[in-house]
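One file, structure25.cif, carrying mmCIF, C-alpha atoms:
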data_run
#
loop_
_atom_site.group_PDB
_atom_site.id
_atom_site.type_symbol
_atom_site.label_atom_id
_atom_site.label_comp_id
_atom_site.auth_asym_id
_atom_site.auth_seq_id
_atom_site.Cartn_x
_atom_site.Cartn_y
_atom_site.Cartn_z
ATOM 1 C CA MET A 1 -6.808 -23.121 -2.325
ATOM 2 C CA ILE A 2 -8.053 -20.375 -0.013
ATOM 3 C CA LEU A 3 -8.875 -16.999 -1.530
ATOM 4 C CA ILE A 4 -7.630 -14.114 0.619
ATOM 5 C CA ASP A 5 -10.534 -11.672 0.611
ATOM 6 C CA GLY A 6 -8.883 -8.298 1.064
ATOM 7 C CA LYS A 7 -12.187 -6.476 0.716
ATOM 8 C CA GLU A 8 -13.793 -8.417 3.566
ATOM 9 C CA ILE A 9 -10.755 -8.005 5.830
ATOM 10 C CA ALA A 10 -10.652 -4.283 5.025
ATOM 11 C CA ASN A 11 -14.318 -3.966 6.009
ATOM 12 C CA GLN A 12 -13.633 -5.719 9.315
ATOM 13 C CA ILE A 13 -10.748 -3.384 10.117
ATOM 14 C CA LYS A 14 -12.750 -0.313 9.049
ATOM 15 C CA ALA A 15 -15.467 -1.271 11.532
ATOM 16 C CA GLU A 16 -12.819 -1.513 14.276
ATOM 17 C CA ILE A 17 -11.305 1.851 13.296
ATOM 18 C CA ALA A 18 -14.743 3.502 13.173
ATOM 19 C CA GLN A 19 -15.376 2.534 16.795
ATOM 20 C CA GLU A 20 -12.062 4.018 17.898
ATOM 21 C CA VAL A 21 -12.554 7.181 15.844
ATOM 22 C CA LYS A 22 -15.987 7.706 17.412
ATOM 23 C CA ILE A 23 -14.471 7.627 20.895
ATOM 24 C CA LEU A 24 -11.551 9.878 19.927
ATOM 25 C CA ARG A 25 -13.859 12.405 18.270
ATOM 26 C CA GLU A 26 -15.908 12.654 21.476
ATOM 27 C CA GLU A 27 -12.742 13.040 23.572
ATOM 28 C CA ARG A 28 -10.909 15.545 21.385
ATOM 29 C CA GLY A 29 -13.694 17.423 19.638
ATOM 30 C CA ARG A 30 -12.636 16.504 16.120
ATOM 31 C CA ALA A 31 -11.888 13.493 13.939
ATOM 32 C CA PRO A 32 -8.557 12.523 12.347
ATOM 33 C CA HIS A 33 -8.070 14.399 9.063
ATOM 34 C CA LEU A 34 -6.325 13.116 5.932
ATOM 35 C CA ALA A 35 -5.441 15.518 3.115
ATOM 36 C CA ALA A 36 -4.578 14.361 -0.397
ATOM 37 C CA VAL A 37 -2.883 16.440 -3.088
ATOM 38 C CA LEU A 38 -3.807 15.446 -6.644
ATOM 39 C CA VAL A 39 -1.757 16.941 -9.470
ATOM 40 C CA GLY A 40 -3.400 16.752 -12.907
ATOM 41 C CA ASN A 41 -6.391 14.649 -13.924
ATOM 42 C CA ASP A 42 -5.056 11.140 -14.418
ATOM 43 C CA PRO A 43 -8.175 8.889 -14.249
ATOM 44 C CA ALA A 44 -6.481 6.148 -12.222
ATOM 45 C CA SER A 45 -5.121 8.656 -9.702
ATOM 46 C CA GLU A 46 -8.535 10.331 -9.424
ATOM 47 C CA THR A 47 -10.109 6.934 -8.714
ATOM 48 C CA TYR A 48 -7.499 6.069 -6.068
ATOM 49 C CA VAL A 49 -7.956 9.398 -4.282
ATOM 50 C CA ALA A 50 -11.751 9.081 -4.409
ATOM 51 C CA ASN A 51 -11.525 5.612 -2.855
ATOM 52 C CA LYS A 52 -9.288 6.925 -0.086
ATOM 53 C CA GLU A 53 -11.689 9.791 0.567
ATOM 54 C CA LYS A 54 -14.649 7.379 0.681
ATOM 55 C CA ALA A 55 -12.844 5.092 3.134
ATOM 56 C CA CYS A 56 -12.115 8.028 5.433
ATOM 57 C CA PHE A 57 -15.774 8.987 5.550
ATOM 58 C CA GLU A 58 -16.762 5.367 6.207
ATOM 59 C CA VAL A 59 -14.703 5.301 9.414
ATOM 60 C CA GLY A 60 -15.728 8.789 10.533
ATOM 61 C CA MET A 61 -12.518 10.576 9.553
ATOM 62 C CA SER A 62 -12.336 13.917 7.774
ATOM 63 C CA SER A 63 -10.819 14.097 4.311
ATOM 64 C CA SER A 64 -9.924 16.871 1.905
ATOM 65 C CA VAL A 65 -8.489 16.867 -1.613
ATOM 66 C CA TYR A 66 -6.333 19.632 -3.059
ATOM 67 C CA LYS A 67 -6.571 19.473 -6.856
ATOM 68 C CA ILE A 68 -3.742 21.177 -8.718
ATOM 69 C CA PRO A 69 -3.329 21.614 -12.509
ATOM 70 C CA ALA A 70 -0.841 19.304 -14.255
ATOM 71 C CA ASP A 71 1.184 22.283 -15.503
ATOM 72 C CA THR A 72 1.794 23.677 -12.028
ATOM 73 C CA THR A 73 5.378 24.438 -11.062
ATOM 74 C CA GLU A 74 7.320 22.440 -8.514
ATOM 75 C CA GLU A 75 7.523 25.542 -6.322
ATOM 76 C CA LYS A 76 3.730 26.033 -6.350
ATOM 77 C CA LEU A 77 3.160 22.392 -5.428
ATOM 78 C CA ILE A 78 5.612 22.625 -2.541
ATOM 79 C CA GLU A 79 3.906 25.826 -1.367
ATOM 80 C CA THR A 80 0.650 23.867 -1.126
ATOM 81 C CA ILE A 81 2.390 21.096 0.810
ATOM 82 C CA GLU A 82 3.909 23.613 3.221
ATOM 83 C CA PHE A 83 0.475 25.169 3.736
ATOM 84 C CA ILE A 84 -0.911 21.745 4.718
ATOM 85 C CA ASN A 85 2.157 21.019 6.861
ATOM 86 C CA ASN A 86 1.313 24.110 8.913
ATOM 87 C CA ASP A 87 -2.379 23.290 9.307
ATOM 88 C CA THR A 88 -2.743 21.822 12.794
ATOM 89 C CA GLU A 89 -6.193 20.447 11.926
ATOM 90 C CA ILE A 90 -4.692 18.090 9.296
ATOM 91 C CA ASP A 91 -3.008 14.965 10.650
ATOM 92 C CA GLY A 92 -1.971 13.091 7.507
ATOM 93 C CA LEU A 93 -0.840 14.247 4.063
ATOM 94 C CA ILE A 94 -0.309 12.308 0.864
ATOM 95 C CA VAL A 95 0.670 13.454 -2.601
ATOM 96 C CA GLN A 96 -0.849 11.030 -5.079
ATOM 97 C CA LEU A 97 1.807 9.478 -7.304
ATOM 98 C CA PRO A 98 2.779 9.579 -10.089
ATOM 99 C CA ILE A 99 3.161 13.321 -10.530
ATOM 100 C CA PRO A 100 4.107 15.143 -13.786
ATOM 101 C CA LYS A 101 7.670 14.491 -14.937
ATOM 102 C CA HIS A 102 8.746 18.138 -14.709
ATOM 103 C CA ILE A 103 8.367 17.907 -10.913
ATOM 104 C CA SER A 104 10.858 16.033 -8.718
ATOM 105 C CA ALA A 105 8.987 13.334 -6.799
ATOM 106 C CA ASN A 106 11.867 13.088 -4.318
ATOM 107 C CA ARG A 107 11.796 16.800 -3.555
ATOM 108 C CA VAL A 108 8.016 16.702 -3.127
ATOM 109 C CA ILE A 109 8.160 13.720 -0.752
ATOM 110 C CA GLU A 110 10.955 15.339 1.266
ATOM 111 C CA SER A 111 8.879 18.517 1.645
ATOM 112 C CA ILE A 112 6.176 16.649 3.577
ATOM 113 C CA LEU A 113 6.616 16.753 7.339
ATOM 114 C CA PRO A 114 7.644 13.272 8.540
ATOM 115 C CA GLN A 115 4.951 13.610 11.228
ATOM 116 C CA LYS A 116 2.291 13.873 8.491
ATOM 117 C CA ASP A 117 3.862 11.479 5.973
ATOM 118 C CA VAL A 118 1.204 8.760 6.274
ATOM 119 C CA ASP A 119 2.336 7.195 2.981
ATOM 120 C CA GLY A 120 5.586 6.325 4.772
ATOM 121 C CA PHE A 121 7.779 7.566 1.899
ATOM 122 C CA HIS A 122 9.787 10.321 3.611
ATOM 123 C CA PRO A 123 13.465 9.391 4.171
ATOM 124 C CA VAL A 124 13.004 9.877 7.916
ATOM 125 C CA ASN A 125 10.220 7.277 8.059
ATOM 126 C CA VAL A 126 12.110 4.930 5.729
ATOM 127 C CA GLY A 127 15.224 5.243 7.878
ATOM 128 C CA ARG A 128 13.293 4.602 11.075
ATOM 129 C CA MET A 129 11.754 1.507 9.493
ATOM 130 C CA VAL A 130 15.173 0.159 8.481
ATOM 131 C CA ILE A 131 16.584 0.423 11.999
ATOM 132 C CA GLY A 132 13.422 -0.823 13.678
ATOM 133 C CA GLN A 133 12.172 2.421 15.200
ATOM 134 C CA PRO A 134 8.474 3.401 15.282
ATOM 135 C CA CYS A 135 7.417 4.910 11.957
ATOM 136 C CA TYR A 136 4.638 5.123 9.403
ATOM 137 C CA LEU A 137 4.968 1.990 7.299
ATOM 138 C CA PRO A 138 4.384 2.323 3.545
ATOM 139 C CA ALA A 139 0.697 1.636 2.997
ATOM 140 C CA THR A 140 0.857 -1.337 0.611
ATOM 141 C CA PRO A 141 3.463 -3.353 2.565
ATOM 142 C CA PHE A 142 1.543 -2.485 5.744
ATOM 143 C CA GLY A 143 -1.638 -3.796 4.120
ATOM 144 C CA ILE A 144 0.095 -7.010 3.015
ATOM 145 C CA SER A 145 1.373 -7.545 6.551
ATOM 146 C CA MET A 146 -2.175 -7.209 7.873
ATOM 147 C CA LEU A 147 -3.465 -9.677 5.260
ATOM 148 C CA LEU A 148 -0.940 -12.270 6.397
ATOM 149 C CA GLU A 149 -1.730 -11.628 10.061
ATOM 150 C CA ARG A 150 -5.527 -11.758 9.698
ATOM 151 C CA ASN A 151 -5.333 -15.010 7.727
ATOM 152 C CA LYS A 152 -2.952 -16.475 10.329
ATOM 153 C CA ILE A 153 -0.382 -17.252 7.624
ATOM 154 C CA GLU A 154 2.859 -18.330 9.296
ATOM 155 C CA THR A 155 5.857 -16.202 8.332
ATOM 156 C CA SER A 156 8.537 -17.237 10.839
ATOM 157 C CA GLY A 157 11.255 -19.284 9.169
ATOM 158 C CA LYS A 158 9.494 -19.219 5.807
ATOM 159 C CA ASN A 159 11.188 -18.466 2.494
ATOM 160 C CA CYS A 160 9.701 -15.307 1.000
ATOM 161 C CA VAL A 161 10.468 -14.218 -2.545
ATOM 162 C CA ILE A 162 9.487 -10.708 -3.603
ATOM 163 C CA VAL A 163 9.504 -9.918 -7.323
ATOM 164 C CA GLY A 164 9.953 -6.166 -7.733
ATOM 165 C CA ARG A 165 12.242 -3.754 -5.851
ATOM 166 C CA SER A 166 10.323 -0.463 -5.902
ATOM 167 C CA ASN A 167 10.611 1.931 -2.973
ATOM 168 C CA ILE A 168 6.829 1.773 -2.623
ATOM 169 C CA VAL A 169 6.355 -2.001 -2.267
ATOM 170 C CA GLY A 170 9.201 -4.454 -2.857
ATOM 171 C CA THR A 171 12.097 -2.898 -0.974
ATOM 172 C CA PRO A 172 10.200 -1.847 2.184
ATOM 173 C CA LEU A 173 8.306 -5.151 2.290
ATOM 174 C CA SER A 174 11.590 -7.081 2.096
ATOM 175 C CA ILE A 175 12.794 -5.193 5.169
ATOM 176 C CA MET A 176 9.547 -5.608 7.097
ATOM 177 C CA LEU A 177 9.283 -9.361 6.511
ATOM 178 C CA SER A 178 12.895 -9.979 7.548
ATOM 179 C CA ARG A 179 12.553 -8.173 10.904
ATOM 180 C CA ASN A 180 12.802 -10.047 14.201
ATOM 181 C CA ASN A 181 9.161 -9.952 15.256
ATOM 182 C CA PRO A 182 6.273 -12.444 15.403
ATOM 183 C CA LEU A 183 4.739 -11.169 12.146
ATOM 184 C CA ALA A 184 7.965 -11.498 10.172
ATOM 185 C CA ASN A 185 11.153 -13.565 10.635
ATOM 186 C CA CYS A 186 11.119 -14.608 6.981
ATOM 187 C CA THR A 187 14.200 -15.398 4.938
ATOM 188 C CA VAL A 188 13.677 -12.901 2.124
ATOM 189 C CA THR A 189 14.943 -12.910 -1.459
ATOM 190 C CA LEU A 190 14.347 -9.668 -3.364
ATOM 191 C CA CYS A 191 14.250 -10.198 -7.129
ATOM 192 C CA HIS A 192 14.042 -7.759 -10.023
ATOM 193 C CA SER A 193 14.362 -7.405 -13.792
ATOM 194 C CA ARG A 194 18.060 -8.417 -13.777
ATOM 195 C CA THR A 195 17.591 -11.542 -11.650
ATOM 196 C CA LYS A 196 18.816 -14.725 -13.336
ATOM 197 C CA ASP A 197 16.796 -17.957 -13.123
ATOM 198 C CA LEU A 198 13.840 -15.994 -11.751
ATOM 199 C CA ALA A 199 11.319 -18.810 -12.107
ATOM 200 C CA LYS A 200 13.645 -21.211 -10.290
ATOM 201 C CA ILE A 201 14.095 -18.777 -7.386
ATOM 202 C CA CYS A 202 10.362 -18.040 -7.176
ATOM 203 C CA LYS A 203 9.631 -21.741 -6.986
ATOM 204 C CA THR A 204 11.515 -21.913 -3.666
ATOM 205 C CA ALA A 205 9.078 -19.483 -2.066
ATOM 206 C CA ASP A 206 6.687 -20.380 0.710
ATOM 207 C CA ILE A 207 5.380 -16.836 0.295
ATOM 208 C CA LEU A 208 5.623 -15.277 -3.167
ATOM 209 C CA VAL A 209 4.881 -11.568 -3.623
ATOM 210 C CA ALA A 210 4.414 -10.372 -7.200
ATOM 211 C CA ALA A 211 5.058 -6.624 -7.488
ATOM 212 C CA ILE A 212 6.927 -6.407 -10.796
ATOM 213 C CA GLY A 213 4.335 -4.406 -12.742
ATOM 214 C CA GLN A 214 4.027 -6.837 -15.663
ATOM 215 C CA CYS A 215 0.599 -8.241 -16.394
ATOM 216 C CA GLU A 216 0.287 -11.995 -15.697
ATOM 217 C CA MET A 217 4.058 -12.487 -15.673
ATOM 218 C CA ILE A 218 3.919 -15.001 -12.813
ATOM 219 C CA THR A 219 2.700 -18.307 -14.240
ATOM 220 C CA ALA A 220 2.505 -21.838 -12.816
ATOM 221 C CA ASP A 221 6.191 -22.324 -13.655
ATOM 222 C CA TYR A 222 7.071 -19.793 -10.931
ATOM 223 C CA VAL A 223 5.043 -21.293 -8.094
ATOM 224 C CA LYS A 224 5.579 -24.333 -5.893
ATOM 225 C CA LYS A 225 2.621 -26.328 -4.649
ATOM 226 C CA GLY A 226 1.239 -25.091 -1.351
ATOM 227 C CA ALA A 227 2.713 -21.585 -1.578
ATOM 228 C CA THR A 228 1.009 -18.381 -0.523
ATOM 229 C CA VAL A 229 0.857 -15.908 -3.434
ATOM 230 C CA ILE A 230 0.296 -12.181 -2.914
ATOM 231 C CA ASP A 231 -0.450 -10.277 -6.136
ATOM 232 C CA VAL A 232 0.270 -6.545 -5.903
ATOM 233 C CA GLY A 233 -0.077 -5.816 -9.627
ATOM 234 C CA ILE A 234 -3.062 -4.104 -11.186
ATOM 235 C CA HIS A 235 -3.515 -3.662 -14.930
ATOM 236 C CA ARG A 236 -6.398 -2.491 -17.095
ATOM 237 C CA VAL A 237 -6.944 -4.962 -19.943
ATOM 238 C CA ALA A 238 -9.389 -4.209 -22.770
ATOM 239 C CA ASP A 239 -12.576 -6.276 -22.564
ATOM 240 C CA SER A 240 -15.442 -5.419 -24.914
ATOM 241 C CA THR A 241 -17.849 -7.672 -22.980
ATOM 242 C CA ARG A 242 -17.752 -5.350 -19.963
ATOM 243 C CA LYS A 243 -19.595 -2.083 -19.567
ATOM 244 C CA SER A 244 -16.388 -0.349 -18.515
ATOM 245 C CA GLY A 245 -14.573 -1.654 -21.602
ATOM 246 C CA PHE A 246 -11.837 -3.246 -19.517
ATOM 247 C CA ARG A 247 -11.112 -5.795 -16.799
ATOM 248 C CA LEU A 248 -8.487 -5.717 -14.077
ATOM 249 C CA LYS A 249 -5.692 -8.267 -13.941
ATOM 250 C CA GLY A 250 -2.628 -8.662 -11.744
ATOM 251 C CA ASP A 251 0.994 -9.679 -12.109
ATOM 252 C CA VAL A 252 -0.099 -13.295 -11.531
ATOM 253 C CA LYS A 253 -1.849 -15.480 -14.106
ATOM 254 C CA PHE A 254 -4.558 -16.294 -11.608
ATOM 255 C CA ASP A 255 -6.440 -19.170 -13.256
ATOM 256 C CA GLU A 256 -3.192 -21.038 -13.861
ATOM 257 C CA VAL A 257 -1.532 -20.328 -10.506
ATOM 258 C CA ALA A 258 -4.457 -20.518 -8.062
ATOM 259 C CA PRO A 259 -4.851 -24.332 -8.101
ATOM 260 C CA LEU A 260 -1.242 -24.702 -6.903
ATOM 261 C CA THR A 261 -1.546 -22.409 -3.919
ATOM 262 C CA GLU A 262 -2.658 -22.720 -0.330
ATOM 263 C CA TYR A 263 -3.545 -19.010 -0.192
ATOM 264 C CA ILE A 264 -3.806 -16.438 -2.991
ATOM 265 C CA THR A 265 -5.033 -12.850 -3.354
ATOM 266 C CA PRO A 266 -7.344 -11.955 -6.243
ATOM 267 C CA VAL A 267 -7.192 -8.865 -8.444
ATOM 268 C CA PRO A 268 -9.227 -6.845 -7.778
ATOM 269 C CA GLY A 269 -10.260 -7.314 -4.158
ATOM 270 C CA GLY A 270 -6.975 -8.497 -2.658
ATOM 271 C CA VAL A 271 -4.150 -6.119 -1.799
ATOM 272 C CA GLY A 272 -5.851 -2.949 -3.094
ATOM 273 C CA PRO A 273 -8.402 -2.471 -0.301
ATOM 274 C CA MET A 274 -5.706 -3.168 2.290
ATOM 275 C CA THR A 275 -3.454 -0.418 0.924
ATOM 276 C CA ILE A 276 -6.168 2.071 1.823
ATOM 277 C CA ILE A 277 -6.469 0.492 5.278
ATOM 278 C CA GLY A 278 -2.720 0.978 5.788
ATOM 279 C CA LEU A 279 -3.124 4.650 4.950
ATOM 280 C CA ILE A 280 -6.061 5.081 7.321
ATOM 281 C CA MET A 281 -4.227 3.259 10.117
ATOM 282 C CA ASN A 282 -1.264 5.599 9.694
ATOM 283 C CA THR A 283 -3.567 8.640 9.793
ATOM 284 C CA LEU A 284 -5.092 7.364 13.015
ATOM 285 C CA LYS A 285 -1.597 6.923 14.490
ATOM 286 C CA ALA A 286 -0.721 10.476 13.432
ATOM 287 C CA PHE A 287 -3.844 11.838 15.134
ATOM 288 C CA LYS A 288 -3.024 9.941 18.334
ATOM 289 C CA GLY A 289 0.652 10.971 18.264
ATOM 290 C CA GLU A 290 1.822 7.372 18.428
ATOM 291 C CA ILE A 291 4.918 7.832 16.254
ATOM 292 C CA TYR A 292 5.893 11.463 16.816
ATOM 293 C CA SER A 293 4.649 12.869 20.110
#
What is this file in structure tokens?
Amino acid sequence: MILIDGKEIANQIKAEIAQEVKILREERGRAPHLAAVLVGNDPASETYVANKEKACFEVGMSSSVYKIPADTTEEKLIETIEFINNDTEIDGLIVQLPIPKHISANRVIESILPQKDVDGFHPVNVGRMVIGQPCYLPATPFGISMLLERNKIETSGKNCVIVGRSNIVGTPLSIMLSRNNPLANCTVTLCHSRTKDLAKICKTADILVAAIGQCEMITADYVKKGATVIDVGIHRVADSTRKSGFRLKGDVKFDEVAPLTEYITPVPGGVGPMTIIGLIMNTLKAFKGEIYS
């Protein structure tokens, strides 16, 4: 069993990005700039945004956070987004999800300029991804792709089973891994809560991606020997022995599954750090005009 160290790989890529950003800043007189909009004060969302801001500073990028009260109106939120859209000094824009239920997430995402949509959620970027045109890839699938590439995990001709069909992870990843390119060419099965004989299907996977959002759902019964297992889940579980009062677990029952695998990601320290790398990579592409010139 080989542990895929997402934190170490993220640090390697950040060092590479920092070198490029240094050169670009000298050439253009400013660094790439990522703006994040945070609605309300959800602790998990605040932590995620803080980590993204920290990562930007580590690679020499600029970062700003627009904090908006939870009771704001949809119109006020969209006004803020339009203000950022029109700021030529800001290259990438994300709205941290989830947002309050009285606001339409779809309308908010659609109000972001595709050129600044570094989360890769806008329908224009999703559509471009589906038909194989240049686009900003959703950050978590992008990060998973980089994990597979950096660990030289063969994907061509492999059976990949993805458990979870969200628009953020499962669905876009299923498209990316089935594409005709050297980092994909998988035969992909996309499973979900209505899938029958789920364990049996998962056990056919050479690459198994758990993104169902259920703590430790994937047990040894779901995994064939020698598989690569990518755990996207993250759950806070009460633990009185820890200073924080909780520990983090994934969608995979790690201790039970790990001995069966050839490669496996831990939680924390696996996919999470690479999601932030995907976001930073997209911001760099936006600054350089690689997708939309």
**Asked** Taking only C-alpha atoms into account, which of A:Ile201, A:Val118, A:Ile4, A:Ala227 comes nearest A:Glu149?
**Response**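 Ranked by minimum distance to A:Glu149, first place goes to A:Ile4.
Ranking A:Leu93, A:Ile81, A:Ile2, A:Ile212 by their shortest atom-to-atom distance to A:Arg194, with only C-alpha atoms included, puts A:Ile212 first.
Between A:Ile9 and the candidates A:Val188, A:Leu148, A:Cys215, A:Ile207, the tightest atom-to-atom separation, counting only C-alpha atoms, involves A:Leu148.
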**Prompt:** For the file shown, what are the residues hit by the PyMOL selection byres ((chain A and resi 96) around 12), laid out as a VMD selection string?
**Reply:** chain A and resid 35 to 50 52 65 to 68 93 to 95 97 to 100 105 108 to 109 118 to 119 121
**Message:** Please report the interatomic distance between atom CA of A:Thr204 and atom CA of A:Ser145 in Å with one decimal.
**Reply:**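 It comes out at 20.3 Å.
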How big is the axis-aligned box around all listed atoms of stretch 208-219 of chain A once 5 Å goes on each side, and where's its centre, in Å to one decimal, as AutoDock Vina command-line options?
--center_x 3.6 --center_y -11.4 --center_z -9.8 --size_x 16.6 --size_y 23.9 --size_z 23.2
**Message:** Which residues, named as in the file, does the PyMOL selection byres ((chain A and resi 5) around 8) pick out? Answer as JSON, numbers by chain.
**Reply:** {"A": [3, 4, 6, 7, 8, 9, 265, 266, 269, 270]}
Given the file above and the PyMOL selection byres ((chain A and resi 62) around 12), which residues are selected, and can you give them as a compact mmCIF listing (two decimals) with C-alpha atoms, in the coordinates of the input?
# COMPACT_ATOMS: atom_id res chain seq x y z
CA ALA A 18 -14.74 3.50 13.17
CA VAL A 21 -12.55 7.18 15.84
CA ARG A 25 -13.86 12.40 18.27
CA ARG A 30 -12.64 16.50 16.12
CA ALA A 31 -11.89 13.49 13.94
CA PRO A 32 -8.56 12.52 12.35
CA HIS A 33 -8.07 14.40 9.06
CA LEU A 34 -6.32 13.12 5.93
CA ALA A 35 -5.44 15.52 3.12
CA ALA A 36 -4.58 14.36 -0.40
CA LYS A 52 -9.29 6.92 -0.09
CA GLU A 53 -11.69 9.79 0.57
CA LYS A 54 -14.65 7.38 0.68
CA ALA A 55 -12.84 5.09 3.13
CA CYS A 56 -12.12 8.03 5.43
CA PHE A 57 -15.77 8.99 5.55
CA GLU A 58 -16.76 5.37 6.21
CA VAL A 59 -14.70 5.30 9.41
CA GLY A 60 -15.73 8.79 10.53
CA MET A 61 -12.52 10.58 9.55
CA SER A 63 -10.82 14.10 4.31
CA SER A 64 -9.92 16.87 1.90
CA VAL A 65 -8.49 16.87 -1.61
CA GLU A 89 -6.19 20.45 11.93
CA ILE A 90 -4.69 18.09 9.30
CA ASP A 91 -3.01 14.96 10.65
CA GLY A 92 -1.97 13.09 7.51
CA ILE A 280 -6.06 5.08 7.32
CA THR A 283 -3.57 8.64 9.79
CA LEU A 284 -5.09 7.36 13.02
CA PHE A 287 -3.84 11.84 15.13
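Atom CA of A:Met129 lies 8.0 Å from atom CA of A:Ile175.
Take atom CA of A:Leu248 and atom CA of A:His235: the distance between them is 5.4 Å.
If only C-alpha atoms are the atoms counted, then among A:Ser166, A:Thr275, A:Asn180, A:Ser111 the closest residue to A:Ala210 is A:Ser166.
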